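A.B. asks: Data: data_1.pdb, PDB, C-alpha atoms.
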```pdb
ATOM      1  CA  MET A   1       0.000   0.000   0.000
ATOM      2  CA  ILE A   2       2.861   2.361   0.849
ATOM      3  CA  ILE A   3       4.463   1.640  -2.511
ATOM      4  CA  ASN A   4       1.164   2.196  -4.359
ATOM      5  CA  ASN A   5       0.711   5.534  -2.588
ATOM      6  CA  THR A   6       4.245   6.488  -3.574
ATOM      7  CA  ILE A   7       3.527   5.699  -7.221
ATOM      8  CA  LYS A   8       0.324   7.747  -7.177
ATOM      9  CA  GLU A   9       2.138  10.622  -5.519
ATOM     10  CA  ALA A  10       4.885  10.375  -8.130
ATOM     11  CA  PHE A  11       2.393  10.733 -10.999
ATOM     12  CA  ARG A  12       0.712  13.709  -9.303
ATOM     13  CA  SER A  13       4.121  15.301  -8.814
ATOM     14  CA  PHE A  14       5.209  14.639 -12.387
ATOM     15  CA  SER A  15       1.884  15.978 -13.719
ATOM     16  CA  THR A  16       2.244  19.156 -11.668
ATOM     17  CA  VAL A  17       5.785  19.732 -12.895
ATOM     18  CA  PHE A  18       4.750  19.053 -16.506
ATOM     19  CA  ASN A  19       1.660  21.290 -16.458
ATOM     20  CA  LYS A  20       3.471  24.164 -14.740
ATOM     21  CA  ALA A  21       6.375  24.096 -17.205
ATOM     22  CA  PHE A  22       3.972  23.728 -20.142
ATOM     23  CA  GLN A  23       1.929  26.780 -19.136
ATOM     24  CA  GLU A  24       4.947  28.976 -18.454
ATOM     25  CA  MET A  25       6.339  28.633 -21.976
ATOM     26  CA  GLU A  26       5.079  30.643 -24.935
ATOM     27  CA  ASN A  27       4.731  29.512 -28.516
ATOM     28  CA  GLN A  28       6.027  31.428 -31.515
ATOM     29  CA  TYR A  29       3.657  30.044 -34.140
ATOM     30  CA  PRO A  30       0.728  32.422 -33.332
ATOM     31  CA  ARG A  31       2.720  35.196 -35.011
ATOM     32  CA  VAL A  32       2.541  33.461 -38.406
ATOM     33  CA  ALA A  33      -0.286  30.922 -38.107
ATOM     34  CA  MET A  34      -3.930  31.106 -37.081
ATOM     35  CA  GLU A  35      -5.009  28.416 -34.623
ATOM     36  CA  VAL A  36      -8.152  26.569 -35.647
ATOM     37  CA  PRO A  37      -9.868  24.197 -33.176
ATOM     38  CA  SER A  38     -10.725  20.873 -34.787
ATOM     39  CA  GLU A  39     -13.667  18.643 -33.885
ATOM     40  CA  THR A  40     -13.146  15.754 -36.274
ATOM     41  CA  ARG A  41     -10.390  13.747 -37.987
ATOM     42  CA  ASP A  42      -9.866  16.458 -40.608
ATOM     43  CA  GLU A  43     -11.033  19.942 -41.514
ATOM     44  CA  THR A  44     -11.758  21.385 -44.966
ATOM     45  CA  TYR A  45     -11.045  25.060 -45.593
ATOM     46  CA  ALA A  46     -13.314  25.776 -48.549
ATOM     47  CA  TRP A  47     -13.318  29.525 -47.918
ATOM     48  CA  LEU A  48      -9.603  30.088 -48.411
ATOM     49  CA  GLY A  49      -9.017  32.573 -51.198
ATOM     50  CA  ALA A  50     -12.722  33.147 -51.772
ATOM     51  CA  VAL A  51     -13.648  35.841 -49.228
ATOM     52  CA  PRO A  52     -14.823  38.856 -51.283
ATOM     53  CA  SER A  53     -14.347  42.554 -50.584
ATOM     54  CA  MET A  54     -17.077  45.018 -49.599
ATOM     55  CA  ARG A  55     -18.967  46.537 -52.519
ATOM     56  CA  GLU A  56     -21.490  49.277 -53.054
ATOM     57  CA  ARG A  57     -24.955  47.849 -52.731
ATOM     58  CA  ILE A  58     -27.015  48.531 -55.818
ATOM     59  CA  GLY A  59     -30.218  46.557 -55.868
ATOM     60  CA  GLU A  60     -30.163  43.085 -54.333
ATOM     61  CA  ARG A  61     -27.254  41.525 -52.489
ATOM     62  CA  GLU A  62     -24.793  39.422 -54.470
ATOM     63  CA  ALA A  63     -24.008  36.191 -52.635
ATOM     64  CA  LYS A  64     -20.458  35.002 -53.249
ATOM     65  CA  ASN A  65     -19.641  31.317 -53.391
ATOM     66  CA  LEU A  66     -17.179  30.506 -50.601
ATOM     67  CA  SER A  67     -16.560  26.954 -51.810
ATOM     68  CA  ALA A  68     -14.447  27.772 -54.836
ATOM     69  CA  TYR A  69     -11.576  25.814 -53.340
ATOM     70  CA  GLY A  70     -11.178  22.709 -51.224
ATOM     71  CA  TYR A  71      -8.186  22.372 -48.910
ATOM     72  CA  THR A  72      -8.176  19.681 -46.228
ATOM     73  CA  ILE A  73      -5.827  19.265 -43.269
ATOM     74  CA  LYS A  74      -5.891  15.835 -41.620
ATOM     75  CA  ASN A  75      -5.064  15.558 -37.937
ATOM     76  CA  LYS A  76      -2.154  13.359 -36.924
ATOM     77  CA  ASP A  77      -1.291  11.587 -33.682
ATOM     78  CA  PHE A  78       1.927  12.562 -31.900
ATOM     79  CA  GLU A  79       3.578  11.114 -28.815
ATOM     80  CA  LEU A  80       6.647  11.386 -26.582
ATOM     81  CA  THR A  81       7.347   8.602 -24.064
ATOM     82  CA  VAL A  82       9.865   8.119 -21.244
ATOM     83  CA  SER A  83      10.450   5.419 -18.615
ATOM     84  CA  VAL A  84      11.407   5.666 -14.943
ATOM     85  CA  PRO A  85      12.976   2.701 -13.032
ATOM     86  CA  ARG A  86      10.637   1.298 -10.362
ATOM     87  CA  ASN A  87      13.366   1.266  -7.752
ATOM     88  CA  ASP A  88      13.916   5.018  -8.083
ATOM     89  CA  LEU A  89      10.304   5.749  -7.200
ATOM     90  CA  GLU A  90      10.249   3.199  -4.407
ATOM     91  CA  ASP A  91      13.351   4.886  -2.972
ATOM     92  CA  ASP A  92      11.623   8.283  -3.201
ATOM     93  CA  CYS A  93      13.932   9.741  -5.877
ATOM     94  CA  ILE A  94      11.105  11.708  -7.481
ATOM     95  CA  GLY A  95      12.919  15.046  -7.381
ATOM     96  CA  VAL A  96      15.729  13.707  -9.557
ATOM     97  CA  TYR A  97      13.318  13.452 -12.483
ATOM     98  CA  LYS A  98      11.899  16.964 -12.261
ATOM     99  CA  PRO A  99      14.194  18.372 -15.021
ATOM    100  CA  MET A 100      13.267  15.481 -17.301
ATOM    101  CA  PHE A 101       9.546  16.207 -17.006
ATOM    102  CA  GLU A 102      10.177  19.926 -17.452
ATOM    103  CA  ASP A 103      12.004  19.100 -20.670
ATOM    104  CA  LEU A 104       9.140  16.797 -21.638
ATOM    105  CA  ALA A 105       6.820  19.793 -21.297
ATOM    106  CA  TYR A 106       9.224  21.970 -23.274
ATOM    107  CA  ASN A 107       9.261  19.540 -26.197
ATOM    108  CA  ALA A 108       5.493  19.101 -26.090
ATOM    109  CA  ARG A 109       4.977  22.867 -26.105
ATOM    110  CA  ARG A 110       7.458  23.455 -28.904
ATOM    111  CA  HIS A 111       5.925  20.745 -31.076
ATOM    112  CA  SER A 112       3.307  23.113 -32.516
ATOM    113  CA  ASP A 113       6.081  25.575 -33.427
ATOM    114  CA  LYS A 114       7.979  22.738 -35.066
ATOM    115  CA  LEU A 115       4.970  21.729 -37.168
ATOM    116  CA  VAL A 116       4.321  25.261 -38.402
ATOM    117  CA  PHE A 117       7.929  26.274 -39.032
ATOM    118  CA  SER A 118       8.609  22.998 -40.849
ATOM    119  CA  LEU A 119       6.170  24.219 -43.497
ATOM    120  CA  PHE A 120       8.506  27.063 -44.475
ATOM    121  CA  PRO A 121      11.161  25.156 -46.467
ATOM    122  CA  CYS A 122       8.520  22.801 -47.905
ATOM    123  CA  GLY A 123       6.393  25.630 -49.280
ATOM    124  CA  PHE A 124       8.194  25.548 -52.621
ATOM    125  CA  THR A 125       6.880  22.042 -53.365
ATOM    126  CA  GLU A 126       3.855  21.349 -51.145
ATOM    127  CA  LYS A 127       0.504  22.517 -52.497
ATOM    128  CA  CYS A 128      -1.937  24.990 -50.952
ATOM    129  CA  PHE A 129      -5.665  25.609 -51.471
ATOM    130  CA  ASP A 130      -5.457  26.460 -55.195
ATOM    131  CA  GLY A 131      -3.613  23.258 -56.085
ATOM    132  CA  LYS A 132      -0.335  25.069 -56.733
ATOM    133  CA  PRO A 133       2.787  25.016 -54.554
ATOM    134  CA  PHE A 134       2.383  27.529 -51.740
ATOM    135  CA  PHE A 135       5.291  29.556 -53.149
ATOM    136  CA  CYS A 136       4.586  29.639 -56.871
ATOM    137  CA  GLU A 137       5.046  31.934 -59.862
ATOM    138  CA  SER A 138       1.606  31.180 -61.347
ATOM    139  CA  HIS A 139      -1.203  31.441 -58.809
ATOM    140  CA  THR A 140      -4.399  32.049 -60.795
ATOM    141  CA  PRO A 141      -7.694  33.007 -59.093
ATOM    142  CA  ALA A 142     -10.515  30.669 -60.066
ATOM    143  CA  VAL A 143     -13.483  32.995 -60.590
ATOM    144  CA  GLU A 144     -16.135  32.632 -63.284
ATOM    145  CA  GLY A 145     -16.187  35.436 -65.776
ATOM    146  CA  LYS A 146     -12.849  36.812 -64.636
ATOM    147  CA  ASN A 147      -9.751  36.699 -66.817
ATOM    148  CA  ALA A 148      -7.340  36.981 -63.924
ATOM    149  CA  LYS A 149      -3.660  37.102 -64.662
ATOM    150  CA  PRO A 150      -1.289  34.741 -62.836
ATOM    151  CA  GLN A 151       0.359  36.227 -59.767
ATOM    152  CA  SER A 152       3.588  35.225 -58.095
ATOM    153  CA  ASN A 153       4.708  34.974 -54.479
ATOM    154  CA  LYS A 154       7.952  33.205 -55.281
ATOM    155  CA  GLY A 155      11.445  34.493 -55.935
ATOM    156  CA  THR A 156      14.882  33.050 -56.570
ATOM    157  CA  TYR A 157      17.170  35.909 -55.571
ATOM    158  CA  LYS A 158      19.449  35.938 -52.552
ATOM    159  CA  LEU A 159      18.507  38.207 -49.689
ATOM    160  CA  THR A 160      19.786  41.732 -50.312
ATOM    161  CA  PRO A 161      18.249  45.167 -49.711
ATOM    162  CA  GLU A 162      17.281  45.241 -53.393
ATOM    163  CA  SER A 163      15.613  41.803 -53.452
ATOM    164  CA  TYR A 164      13.874  42.589 -50.163
ATOM    165  CA  GLY A 165      12.481  45.819 -51.604
ATOM    166  CA  THR A 166      11.321  44.046 -54.763
ATOM    167  CA  ALA A 167       9.524  41.346 -52.769
ATOM    168  CA  ARG A 168       7.918  43.952 -50.543
ATOM    169  CA  SER A 169       6.570  45.885 -53.537
ATOM    170  CA  GLN A 170       5.394  42.691 -55.217
ATOM    171  CA  MET A 171       3.342  41.667 -52.180
ATOM    172  CA  MET A 172       1.743  45.088 -51.832
ATOM    173  CA  CYS A 173       0.565  44.963 -55.467
ATOM    174  CA  LEU A 174      -1.303  41.637 -55.183
ATOM    175  CA  VAL A 175      -5.021  41.632 -55.971
ATOM    176  CA  ASP A 176      -7.857  39.348 -54.860
ATOM    177  CA  ASP A 177     -10.245  37.239 -56.942
ATOM    178  CA  GLN A 178     -12.196  40.354 -57.858
ATOM    179  CA  GLY A 179      -9.123  42.181 -59.125
ATOM    180  CA  GLU A 180      -8.992  44.532 -56.137
ATOM    181  CA  VAL A 181      -5.833  45.391 -54.218
ATOM    182  CA  MET A 182      -5.654  43.393 -50.985
ATOM    183  CA  PHE A 183      -3.900  46.075 -48.894
ATOM    184  CA  ILE A 184      -1.122  43.680 -47.947
ATOM    185  CA  VAL A 185       1.755  45.230 -46.013
ATOM    186  CA  PRO A 186       4.464  42.702 -45.091
ATOM    187  CA  ASP A 187       5.751  43.036 -41.546
ATOM    188  CA  LEU A 188       7.934  39.996 -40.831
ATOM    189  CA  LEU A 189      11.180  38.893 -42.494
ATOM    190  CA  VAL A 190      12.034  35.229 -41.837
ATOM    191  CA  VAL A 191      15.604  34.034 -42.303
ATOM    192  CA  SER A 192      17.870  31.109 -41.460
ATOM    193  CA  PRO A 193      20.354  31.369 -38.582
ATOM    194  CA  GLN A 194      23.133  31.804 -41.147
ATOM    195  CA  LYS A 195      21.412  34.903 -42.604
ATOM    196  CA  GLU A 196      20.545  36.646 -39.358
ATOM    197  CA  ALA A 197      23.245  39.278 -39.865
ATOM    198  CA  VAL A 198      21.958  40.095 -43.357
ATOM    199  CA  GLY A 199      18.412  40.398 -42.070
ATOM    200  CA  ARG A 200      19.442  42.649 -39.194
ATOM    201  CA  THR A 201      21.385  44.887 -41.567
ATOM    202  CA  ILE A 202      18.420  45.348 -43.893
ATOM    203  CA  LEU A 203      15.943  46.071 -41.109
ATOM    204  CA  MET A 204      18.051  47.832 -38.484
ATOM    205  CA  ALA A 205      21.060  49.576 -40.029
ATOM    206  CA  ASN A 206      20.906  53.346 -40.477
ATOM    207  CA  GLU A 207      22.961  53.197 -43.666
ATOM    208  CA  ILE A 208      23.807  50.554 -46.262
ATOM    209  CA  HIS A 209      26.654  51.192 -48.720
ATOM    210  CA  GLN A 210      26.850  54.790 -47.477
ATOM    211  CA  GLU A 211      23.215  55.394 -48.431
ATOM    212  CA  VAL A 212      20.254  55.987 -46.125
ATOM    213  CA  ASN A 213      18.597  52.653 -45.410
ATOM    214  CA  ILE A 214      14.962  53.249 -46.391
ATOM    215  CA  TYR A 215      13.997  49.744 -45.274
ATOM    216  CA  LYS A 216      14.950  50.276 -41.648
ATOM    217  CA  GLY A 217      12.001  49.396 -39.430
ATOM    218  CA  THR A 218       9.788  48.225 -42.298
ATOM    219  CA  ALA A 219       9.491  44.755 -40.764
ATOM    220  CA  GLU A 220      10.516  42.676 -37.788
ATOM    221  CA  LEU A 221      13.013  39.828 -37.971
ATOM    222  CA  MET A 222      12.389  36.165 -37.137
ATOM    223  CA  VAL A 223      15.243  33.651 -37.200
ATOM    224  CA  VAL A 224      13.981  30.103 -37.787
ATOM    225  CA  PRO A 225      16.250  27.078 -37.163
ATOM    226  CA  GLN A 226      14.124  24.975 -39.547
ATOM    227  CA  LEU A 227      15.685  26.931 -42.430
ATOM    228  CA  ALA A 228      19.243  25.996 -41.390
ATOM    229  CA  ALA A 229      19.371  23.139 -43.910
ATOM    230  CA  SER A 230      18.465  25.607 -46.690
ATOM    231  CA  PRO A 231      20.245  28.736 -45.466
ATOM    232  CA  GLU A 232      19.652  30.834 -48.591
ATOM    233  CA  GLN A 233      15.872  30.584 -48.372
ATOM    234  CA  TRP A 234      14.026  33.551 -46.892
ATOM    235  CA  LEU A 235      10.415  34.580 -46.422
ATOM    236  CA  LEU A 236       8.512  37.833 -46.156
ATOM    237  CA  LEU A 237       5.145  37.589 -44.384
ATOM    238  CA  CYS A 238       2.091  39.679 -43.620
ATOM    239  CA  THR A 239       0.999  38.613 -40.130
ATOM    240  CA  ARG A 240      -1.235  41.385 -38.800
ATOM    241  CA  ARG A 241      -4.494  40.237 -40.352
ATOM    242  CA  PRO A 242      -7.049  37.830 -38.812
ATOM    243  CA  VAL A 243      -6.212  35.266 -41.500
ATOM    244  CA  LYS A 244      -2.561  34.200 -41.414
ATOM    245  CA  PRO A 245      -0.212  32.690 -44.015
ATOM    246  CA  PHE A 246      -0.241  29.363 -42.151
ATOM    247  CA  ILE A 247      -2.698  27.249 -40.140
ATOM    248  CA  PHE A 248      -2.221  25.318 -36.900
ATOM    249  CA  GLN A 249      -5.080  22.866 -36.454
ATOM    250  CA  ASN A 250      -5.564  21.660 -32.878
ATOM    251  CA  ARG A 251      -7.654  18.546 -32.196
ATOM    252  CA  ARG A 252      -6.345  17.616 -28.738
ATOM    253  CA  LYS A 253      -3.789  19.501 -26.691
ATOM    254  CA  PRO A 254      -0.779  17.642 -25.239
ATOM    255  CA  GLN A 255      -1.593  15.754 -22.060
ATOM    256  CA  ILE A 256       0.484  13.496 -19.832
ATOM    257  CA  VAL A 257      -0.580   9.901 -19.189
ATOM    258  CA  ALA A 258       0.940   7.037 -17.194
ATOM    259  CA  LYS A 259       1.273   3.286 -17.358
ATOM    260  CA  ASP A 260       2.210   2.563 -13.751
ATOM    261  CA  ASN A 261      -0.109  -0.153 -12.439
ATOM    262  CA  PRO A 262       1.708  -3.051 -10.685
ATOM    263  CA  GLY A 263       0.122  -5.502 -13.142
ATOM    264  CA  ASP A 264       1.273  -3.687 -16.293
ATOM    265  CA  ASP A 265       3.779  -5.667 -18.378
ATOM    266  CA  ASN A 266       6.369  -2.891 -18.263
ATOM    267  CA  VAL A 267       6.311  -2.974 -14.451
ATOM    268  CA  PHE A 268       6.118  -6.744 -14.112
ATOM    269  CA  PHE A 269       8.801  -7.671 -16.645
ATOM    270  CA  LYS A 270      11.078  -4.603 -16.830
ATOM    271  CA  LYS A 271      10.597  -2.940 -13.435
ATOM    272  CA  GLU A 272       9.872   0.436 -14.979
ATOM    273  CA  TYR A 273       7.030   2.918 -15.070
ATOM    274  CA  ILE A 274       6.139   4.553 -18.367
ATOM    275  CA  TYR A 275       4.987   8.161 -18.765
ATOM    276  CA  GLY A 276       4.040   9.772 -22.015
ATOM    277  CA  VAL A 277       2.557  12.809 -23.723
ATOM    278  CA  ASP A 278       0.222  12.595 -26.683
ATOM    279  CA  SER A 279      -1.683  15.038 -28.837
ATOM    280  CA  ARG A 280      -3.633  15.289 -32.084
ATOM    281  CA  CYS A 281      -3.017  18.201 -34.408
ATOM    282  CA  ASN A 282      -1.431  19.254 -37.685
ATOM    283  CA  ALA A 283      -0.423  22.317 -39.646
ATOM    284  CA  GLY A 284      -1.009  23.522 -43.181
ATOM    285  CA  TYR A 285      -0.943  26.476 -45.542
ATOM    286  CA  GLY A 286      -3.274  29.463 -45.369
ATOM    287  CA  LEU A 287      -3.412  32.383 -47.808
ATOM    288  CA  TRP A 288      -0.463  32.379 -50.203
ATOM    289  CA  GLN A 289      -1.016  36.088 -50.809
ATOM    290  CA  LEU A 290       0.250  36.797 -47.293
ATOM    291  CA  ALA A 291       3.638  35.199 -47.888
ATOM    292  CA  PHE A 292       6.568  35.603 -50.254
ATOM    293  CA  GLY A 293       9.302  32.987 -50.414
ATOM    294  CA  SER A 294      12.648  33.031 -52.175
ATOM    295  CA  THR A 295      14.917  30.070 -52.760
ATOM    296  CA  GLY A 296      17.907  32.408 -52.663
ATOM    297  CA  GLU A 297      19.649  30.369 -55.339
ATOM    298  CA  ALA A 298      20.432  33.211 -57.735
ATOM    299  CA  ASP A 299      22.045  36.614 -57.653
ATOM    300  CA  MET A 300      19.845  39.502 -58.723
ATOM    301  CA  PRO A 301      20.943  40.659 -62.199
ATOM    302  CA  ALA A 302      23.036  43.809 -62.104
ATOM    303  CA  ALA A 303      20.481  45.766 -64.125
ATOM    304  CA  LYS A 304      17.615  44.897 -61.769
ATOM    305  CA  ALA A 305      19.756  45.485 -58.701
ATOM    306  CA  SER A 306      20.836  48.850 -60.093
ATOM    307  CA  SER A 307      17.234  49.815 -60.854
ATOM    308  CA  ALA A 308      16.114  48.816 -57.368
ATOM    309  CA  ALA A 309      19.040  50.691 -55.844
ATOM    310  CA  SER A 310      18.195  53.797 -57.874
ATOM    311  CA  GLU A 311      14.600  53.726 -56.677
ATOM    312  CA  ALA A 312      15.845  53.326 -53.129
ATOM    313  CA  SER A 313      18.197  56.282 -53.547
ATOM    314  CA  ILE A 314      15.377  58.468 -54.866
ATOM    315  CA  SER A 315      13.191  57.466 -51.942
ATOM    316  CA  ALA A 316      16.040  58.155 -49.531
ATOM    317  CA  ALA A 317      16.587  61.592 -51.053
ATOM    318  CA  LYS A 318      12.901  62.423 -50.703
ATOM    319  CA  MET A 319      12.916  61.282 -47.091
ATOM    320  CA  SER A 320      15.971  63.377 -46.258
ATOM    321  CA  SER A 321      14.492  66.560 -47.765
ATOM    322  CA  PRO A 322      12.153  68.741 -45.647
ATOM    323  CA  THR A 323       9.247  68.236 -48.026
ATOM    324  CA  GLY A 324       9.823  64.521 -48.489
ATOM    325  CA  GLY A 325      10.224  63.973 -44.777
ATOM    326  CA  THR A 326       6.934  65.758 -44.055
ATOM    327  CA  ALA A 327       5.124  63.825 -46.773
ATOM    328  CA  ALA A 328       6.499  60.539 -45.474
ATOM    329  CA  LEU A 329       5.454  61.437 -41.947
ATOM    330  CA  SER A 330       1.959  62.371 -43.062
ATOM    331  CA  ALA A 331       1.576  59.163 -45.026
ATOM    332  CA  LYS A 332       2.745  57.209 -42.003
ATOM    333  CA  LYS A 333       0.119  58.813 -39.851
TER     334      LYS A 333
END
```
Can you turn what I pasted into structure tokens?
C.D. replies:
Amino acid sequence: MIINNTIKEAFRSFSTVFNKAFQEMENQYPRVAMEVPSETRDETYAWLGAVPSMRERIGEREAKNLSAYGYTIKNKDFELTVSVPRNDLEDDCIGVYKPMFEDLAYNARRHSDKLVFSLFPCGFTEKCFDGKPFFCESHTPAVEGKNAKPQSNKGTYKLTPESYGTARSQMMCLVDDQGEVMFIVPDLLVVSPQKEAVGRTILMANEIHQEVNIYKGTAELMVVPQLAASPEQWLLLCTRRPVKPFIFQNRRKPQIVAKDNPGDDNVFFKKEYIYGVDSRCNAGYGLWQLAFGSTGEADMPAAKASSAASEASISAAKMSSPTGGTAALSAKK
């Protein structure tokens, strides 16, 4: 009976340590992904890409079809399991395992970040709601009666101030299925650990090549370890809208369970108690219009780089002049 009480106390202690550590940590994925609660084995996002803009009402309402696309994310089962020797619990060595269960909570909490951020390097091949790769040069809105031109959210140039500025402009010019500008303003630059210095220079330096850096403060920087295997890849995201570039679908949050009954095979044969965490969830792609991705495999041609640099210089000159500075300030307000 004393031993059974010890085992029960051990599980309560481990659960307390796990839950406390789990709650104290914060996830990073909410910045780039919208969390969607799931109530079944999969969820279909038929409305992606089909939400229309407001229009002047003339006569009767015009109902828009929100099922133009079909994109399904299937939930997956995930687990993390550890074992504790029976003798350690019988000898009241519970405190020794506190760091292990704190780390168990850390890994469980970070799993959702891992799922979302793992989508970044795969976005050049994995498909999104329109059947094209998430980062693609030929996204075409599927709307009856509309001859929409293909739009691109993919690049191949290495990260430089010029390629950053080009991507930024490209995103801000995107239109929706009705041909209307989507008012996209990118606010987050995502880079690999190897490109952190480049990203910081573009977004934080006062000057670049002895010229005023007009891109300073235009976005925040996020360094993602999942891009380490493809260090030249970089992303530019718009994350301040209700709909995000990515989706985290949550069916069941991580919870700790135990297999510690005296009659369990693991206790009887191996003299060990088993504790584990399991969850059901998955991640997928949201609106491609809110993300730009570059493979970083090519250098920007000198002519394009020069043109982009010239435009940047003109903008810098306007900003440094009294009139330009006032105009820029007014526009910012």
A.B. asks: May I have the residues within 12 Å of Ala197 in chain A as a list in words, using all atoms listed in the file and disregarding those fewer than 3 positions away in the same chain?
C.D. replies: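 Those residues are Leu159, Thr160, Val191, Ser192, Pro193, Gln194, Arg200, Thr201, Ile202, Leu203, Met204, Ala205, Leu221, Met222 and Val223 of chain A.
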A.B. asks: What does the distance from CA of Thr156 in chain A to CA of Glu297 in chain A come to in Å, to one decimal?
C.D. replies: 5.6 Å
A.B. asks: On this structure, the PyMOL selection byres ((chain A and resi 232) around 8) would catch which residues? List them as a list of chain:residue names, sorted by chain and number.
C.D. replies: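 Here the PyMOL selection byres ((chain A and resi 232) around 8) matches A:Lys158, A:Leu159, A:Ser192, A:Lys195, A:Ser230, A:Pro231, A:Gln233, A:Trp234, A:Thr295, A:Gly296, A:Glu297.
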A.B. asks: Could you expand the PyMOL selection byres ((chain A and resi 114-130) around 9) into the explicit residues it covers here, written as a PDB file with C-alpha atoms, in the frame of the given file?
C.D. replies:
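Listing of part_28.pdb after writing:
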```
ATOM      1  CA  TYR A  29       3.657  30.044 -34.140  1.00  0.00           C
ATOM      2  CA  VAL A  32       2.541  33.461 -38.406  1.00  0.00           C
ATOM      3  CA  ALA A  33      -0.286  30.922 -38.107  1.00  0.00           C
ATOM      4  CA  TYR A  45     -11.045  25.060 -45.593  1.00  0.00           C
ATOM      5  CA  ALA A  46     -13.314  25.776 -48.549  1.00  0.00           C
ATOM      6  CA  LEU A  48      -9.603  30.088 -48.411  1.00  0.00           C
ATOM      7  CA  GLY A  49      -9.017  32.573 -51.198  1.00  0.00           C
ATOM      8  CA  TYR A  69     -11.576  25.814 -53.340  1.00  0.00           C
ATOM      9  CA  GLY A  70     -11.178  22.709 -51.224  1.00  0.00           C
ATOM     10  CA  TYR A  71      -8.186  22.372 -48.910  1.00  0.00           C
ATOM     11  CA  THR A  72      -8.176  19.681 -46.228  1.00  0.00           C
ATOM     12  CA  ARG A 110       7.458  23.455 -28.904  1.00  0.00           C
ATOM     13  CA  HIS A 111       5.925  20.745 -31.076  1.00  0.00           C
ATOM     14  CA  SER A 112       3.307  23.113 -32.516  1.00  0.00           C
ATOM     15  CA  ASP A 113       6.081  25.575 -33.427  1.00  0.00           C
ATOM     16  CA  GLY A 131      -3.613  23.258 -56.085  1.00  0.00           C
ATOM     17  CA  LYS A 132      -0.335  25.069 -56.733  1.00  0.00           C
ATOM     18  CA  PRO A 133       2.787  25.016 -54.554  1.00  0.00           C
ATOM     19  CA  PHE A 134       2.383  27.529 -51.740  1.00  0.00           C
ATOM     20  CA  PHE A 135       5.291  29.556 -53.149  1.00  0.00           C
ATOM     21  CA  CYS A 136       4.586  29.639 -56.871  1.00  0.00           C
ATOM     22  CA  HIS A 139      -1.203  31.441 -58.809  1.00  0.00           C
ATOM     23  CA  THR A 140      -4.399  32.049 -60.795  1.00  0.00           C
ATOM     24  CA  PRO A 141      -7.694  33.007 -59.093  1.00  0.00           C
ATOM     25  CA  ALA A 142     -10.515  30.669 -60.066  1.00  0.00           C
ATOM     26  CA  LYS A 154       7.952  33.205 -55.281  1.00  0.00           C
ATOM     27  CA  VAL A 224      13.981  30.103 -37.787  1.00  0.00           C
ATOM     28  CA  PRO A 225      16.250  27.078 -37.163  1.00  0.00           C
ATOM     29  CA  GLN A 226      14.124  24.975 -39.547  1.00  0.00           C
ATOM     30  CA  LEU A 227      15.685  26.931 -42.430  1.00  0.00           C
ATOM     31  CA  ALA A 229      19.371  23.139 -43.910  1.00  0.00           C
ATOM     32  CA  SER A 230      18.465  25.607 -46.690  1.00  0.00           C
ATOM     33  CA  GLN A 233      15.872  30.584 -48.372  1.00  0.00           C
ATOM     34  CA  TRP A 234      14.026  33.551 -46.892  1.00  0.00           C
ATOM     35  CA  LEU A 235      10.415  34.580 -46.422  1.00  0.00           C
ATOM     36  CA  PHE A 246      -0.241  29.363 -42.151  1.00  0.00           C
ATOM     37  CA  ILE A 247      -2.698  27.249 -40.140  1.00  0.00           C
ATOM     38  CA  PHE A 248      -2.221  25.318 -36.900  1.00  0.00           C
ATOM     39  CA  ASN A 282      -1.431  19.254 -37.685  1.00  0.00           C
ATOM     40  CA  ALA A 283      -0.423  22.317 -39.646  1.00  0.00           C
ATOM     41  CA  GLY A 284      -1.009  23.522 -43.181  1.00  0.00           C
ATOM     42  CA  TYR A 285      -0.943  26.476 -45.542  1.00  0.00           C
ATOM     43  CA  GLY A 286      -3.274  29.463 -45.369  1.00  0.00           C
ATOM     44  CA  LEU A 287      -3.412  32.383 -47.808  1.00  0.00           C
ATOM     45  CA  TRP A 288      -0.463  32.379 -50.203  1.00  0.00           C
ATOM     46  CA  GLY A 293       9.302  32.987 -50.414  1.00  0.00           C
ATOM     47  CA  SER A 294      12.648  33.031 -52.175  1.00  0.00           C
ATOM     48  CA  THR A 295      14.917  30.070 -52.760  1.00  0.00           C
TER      49      THR A 295
END
```
A.B. asks: For this structure, which residues satisfy the selection - the PyMOL selection byres ((chain A and resi 252) around 12) - when it is evaluated on the file as given? I want them as a list in words.
C.D. replies: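 Output of the PyMOL selection byres ((chain A and resi 252) around 12): Val36, Pro37, Ser38, Glu39, Thr40, Arg41, Asn75, Lys76, Asp77, Phe78, Glu79, Ser112, Phe248, Gln249, Asn250, Arg251, Lys253, Pro254, Gln255, Ile256, Val277, Asp278, Ser279, Arg280, Cys281 and Asn282 of chain A.
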A.B. asks: Could the residues in this selection be written to a file with C-alpha atoms, as a short mmCIF file (atom, residue, chain, number, x, y, z; two decimals), keeping the file's coordinate frame?
C.D. replies:
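Contents of the output file result.cif:
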```cif
data_model
loop_
_atom_site.label_atom_id
_atom_site.label_comp_id
_atom_site.auth_asym_id
_atom_site.auth_seq_id
_atom_site.Cartn_x
_atom_site.Cartn_y
_atom_site.Cartn_z
CA VAL A 36 -8.15 26.57 -35.65
CA PRO A 37 -9.87 24.20 -33.18
CA SER A 38 -10.72 20.87 -34.79
CA GLU A 39 -13.67 18.64 -33.88
CA THR A 40 -13.15 15.75 -36.27
CA ARG A 41 -10.39 13.75 -37.99
CA ASN A 75 -5.06 15.56 -37.94
CA LYS A 76 -2.15 13.36 -36.92
CA ASP A 77 -1.29 11.59 -33.68
CA PHE A 78 1.93 12.56 -31.90
CA GLU A 79 3.58 11.11 -28.82
CA SER A 112 3.31 23.11 -32.52
CA PHE A 248 -2.22 25.32 -36.90
CA GLN A 249 -5.08 22.87 -36.45
CA ASN A 250 -5.56 21.66 -32.88
CA ARG A 251 -7.65 18.55 -32.20
CA LYS A 253 -3.79 19.50 -26.69
CA PRO A 254 -0.78 17.64 -25.24
CA GLN A 255 -1.59 15.75 -22.06
CA ILE A 256 0.48 13.50 -19.83
CA VAL A 277 2.56 12.81 -23.72
CA ASP A 278 0.22 12.60 -26.68
CA SER A 279 -1.68 15.04 -28.84
CA ARG A 280 -3.63 15.29 -32.08
CA CYS A 281 -3.02 18.20 -34.41
CA ASN A 282 -1.43 19.25 -37.68
#
```
